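S.K.: Could you have a look at this structure, given as structure tokens, before my questions?
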Amino acid sequence: MGETLKTVQELIDESPVVDITEMYEQWRGALAGLLAKVESRFELTQDPSTNGMEVESELGDGIHGKIACFAGPEIDWLVYSWVADPKRGFANLHLTISPGAQVDIPLFGMAFANFGIRPWAYIDVLPRRNIAVDTAYYEKYYASGNEHWLDVRRSNPRMDWFTSPSAYVRGIISPIPFLYSGPYEQATTDLMISEAHTMLDRWLGWWDTDASVPEAERDEFGRFTEDLRRTAAQMDPANSVAERLFGSETSDLLVARIWGEGRTLPYAGR
């Protein structure tokens with residue numbers, strides 16, 4: 001197993017143009033399937049702040065994409081988004097889910113992306129408590145997935161572990177993420193999609209456990225979760241790609257909508 005230690009912009013600048021339409025269409029289908037799993041479990045409503053935030057076109061006609069954000073009684077904020085120009089080898093697709101303040105279940109987040117000749121995926125569950133000292137939280141949500149993380153790492157020598165040059169990114173990822181790039185082939189696409197379903201299914205299963213937050217703590221816990229979501233969105237190294245594509249004003253608006261600035265739906269659990 002190798003390692004990738006480059007910025008997103010470096011990956012784009014150093015890679016030839018490759019048509020990834022077939023892989024992109026599989027990713028789009030997988031993203032829709034993942035969202036369908038969540039929608040079958042939770043009541044969700046699209047927030048008006050993201051109405052109309054889409055640019056649709058035929059494949060090959062340039063950049064197209066969509067951002068749709070949802071909230072509900074149990075889910076504080078869900079982001080379903082993509083932006084792509086697959087004929088030119090670019091795609092970036094996201095599903096991120098912030099539970100309400102009434103539970104301490106970690107945030108679910110995933111991205112499928114292609115910035116050149118090696119597709120990339122990040123799939124994770126971000127802690128909402130300090131796992132360095134809260135060992136019960138660590139055991140429940142992270143130790144339970146450690147063996148699977150080791151199995152994936154041992155069983156996929158063709159994949160490259162992705163180490164972000166950003167110290168912030170390295171500091172907030174969990175101990176058990178799927179964070180790899182791989183060769184442009186069907187086996188890579190299949191692995192990434194399979195791992196996204198595995199992580200989401202594990203995350204959905206936690207809703208059947210006792211994860212309640214005491215009512216007196218929920219306001220503070222909810223504010224922390226929103227702060228985490230906002231900071232992670234603002235510090236995302238891939239924002240430089242959006243700025244290059246759309247300009248700083250539009251890029252800043254996209255980031256703001258992703259973390260929930262301008263929302264009108266109520267917060268969950270507060």
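Residue numbering restarts at 1 in every chain; chains get A, B, ... in the order shown in the structure tokens, and ligands count up from 1 in that same order.
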Could you give me, as number ranges by chain, the residues within 9 Å of A:Pro73, counting only C-alpha atoms and dropping anything in the same chain fewer than 3 positions from it?
M.R.: A: 42-44, 76, 100, 266-269
S.K.: Could you produce a table of the residues of stretch 72-150 of chain A lying within 10 Å of stretch 196-205 of chain A, with the nearest pair of atoms per residue and their separation in Å rounded to one decimal, using only C-alpha atoms, ordered by chain and increasing residue number, as CSV?
M.R.:
```
residue,atom,partner,partner_atom,distance
A:Leu95,CA,A:Ala196,CA,10.0
A:Ile105,CA,A:Trp203,CA,7.9
A:Pro106,CA,A:Trp203,CA,8.0
A:Leu107,CA,A:Trp203,CA,8.7
A:Phe108,CA,A:Trp203,CA,7.2
A:Gly109,CA,A:Leu200,CA,9.0
A:Met110,CA,A:Ala196,CA,7.2
A:Ala111,CA,A:Ala196,CA,9.0
A:Phe112,CA,A:Ala196,CA,9.4
A:Ala121,CA,A:Ala196,CA,8.9
A:Tyr122,CA,A:Ala196,CA,8.7
A:Ile123,CA,A:Ala196,CA,6.2
A:Asp124,CA,A:Met199,CA,7.2
A:Val125,CA,A:Trp203,CA,7.8
A:Tyr141,CA,A:Trp203,CA,8.8
A:Ser144,CA,A:Arg202,CA,9.8
A:Gly145,CA,A:Arg202,CA,8.7
A:His148,CA,A:Thr198,CA,9.8
```
S.K.: Just to confirm, what's the straight-line distance from atom CA of A:Glu226 to atom CA of A:Ile75 in Å (one decimal)?
M.R.: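 Atom CA of A:Ile75 lies at a distance of 12.2 Å from atom CA of A:Glu226.
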S.K.: Find the residue from A:Glu74, A:Asp104, A:Glu185, A:Asp151 that sits nearest to A:Glu39; use only C-alpha atoms when measuring.
M.R.: A:Glu74
S.K.: Name all residues at most 9 Å from A:Tyr184 (count only C-alpha atoms; drop same-chain ones fewer than 4 positions away) and give them as a ChimeraX atom specification.
M.R.: /A:20,23,117-119,188-189
S.K.: For the residues selected in the previous step, produce a file with C-alpha atoms as an mmCIF file, in the first residue's frame.
M.R.:
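Contents of out.cif, as written:
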```
data_model
loop_
_atom_site.group_PDB
_atom_site.id
_atom_site.type_symbol
_atom_site.label_atom_id
_atom_site.label_comp_id
_atom_site.auth_asym_id
_atom_site.auth_seq_id
_atom_site.Cartn_x
_atom_site.Cartn_y
_atom_site.Cartn_z
ATOM 1 C CA ILE A 20 -14.677 9.429 -15.935
ATOM 2 C CA MET A 23 -17.514 5.967 -12.784
ATOM 3 C CA ILE A 117 -6.283 9.698 -12.742
ATOM 4 C CA ARG A 118 -6.845 8.237 -9.265
ATOM 5 C CA PRO A 119 -10.373 8.302 -7.799
ATOM 6 C CA THR A 188 -11.858 0.749 -6.950
ATOM 7 C CA THR A 189 -15.348 2.072 -7.638
#
```
S.K.: Could you state the separation of atom CA of A:Arg229 and atom CA of A:Ser98 in Å, given to one decimal place?
M.R.: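 Interatomic distance, atom CA of A:Arg229 to atom CA of A:Ser98: 8.0 Å.
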S.K.: At a cut-off of 12 Å, using only C-alpha atoms, what residues contact A:Ile131? Leave out same-chain residues fewer than 2 positions from it and give the result as a list of chain:residue names.
M.R.: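 The filter keeps A:Pro106, A:Leu126, A:Pro127, A:Arg128, A:Arg129, A:Val133, A:Asp134, A:Thr135, A:Ala136, A:Tyr137, A:Tyr138, A:Glu139, A:Lys140, A:Tyr141, A:Tyr142, A:Ala143, A:Ile172, A:Ile173, A:Ser174, A:Pro175.
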S.K.: Put those residues in a file: C-alpha atoms, as a PDB file, in the first residue's frame.
M.R.:
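Final file, selection12.pdb:
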```pdb
ATOM      1  CA  PRO A 106     -21.205  10.960  15.546  1.00  0.00           C
ATOM      2  CA  LEU A 126     -16.689  12.393  13.216  1.00  0.00           C
ATOM      3  CA  PRO A 127     -16.781  12.333  17.026  1.00  0.00           C
ATOM      4  CA  ARG A 128     -18.893  14.854  18.921  1.00  0.00           C
ATOM      5  CA  ARG A 129     -17.202  14.083  22.233  1.00  0.00           C
ATOM      6  CA  VAL A 133     -10.881  11.044  27.586  1.00  0.00           C
ATOM      7  CA  ASP A 134     -14.424   9.715  27.007  1.00  0.00           C
ATOM      8  CA  THR A 135     -13.522   6.055  26.710  1.00  0.00           C
ATOM      9  CA  ALA A 136     -17.133   4.868  26.739  1.00  0.00           C
ATOM     10  CA  TYR A 137     -17.810   6.991  23.643  1.00  0.00           C
ATOM     11  CA  TYR A 138     -14.616   5.678  22.048  1.00  0.00           C
ATOM     12  CA  GLU A 139     -15.490   2.053  22.738  1.00  0.00           C
ATOM     13  CA  LYS A 140     -19.038   2.384  21.438  1.00  0.00           C
ATOM     14  CA  TYR A 141     -18.362   4.231  18.215  1.00  0.00           C
ATOM     15  CA  TYR A 142     -14.707   3.642  17.307  1.00  0.00           C
ATOM     16  CA  ALA A 143     -13.240   0.532  18.906  1.00  0.00           C
ATOM     17  CA  ILE A 172     -10.394  16.100  12.970  1.00  0.00           C
ATOM     18  CA  ILE A 173     -10.731  12.795  11.125  1.00  0.00           C
ATOM     19  CA  SER A 174     -11.664   9.810  13.251  1.00  0.00           C
ATOM     20  CA  PRO A 175      -9.376   6.833  13.976  1.00  0.00           C
TER      21      PRO A 175
END
```
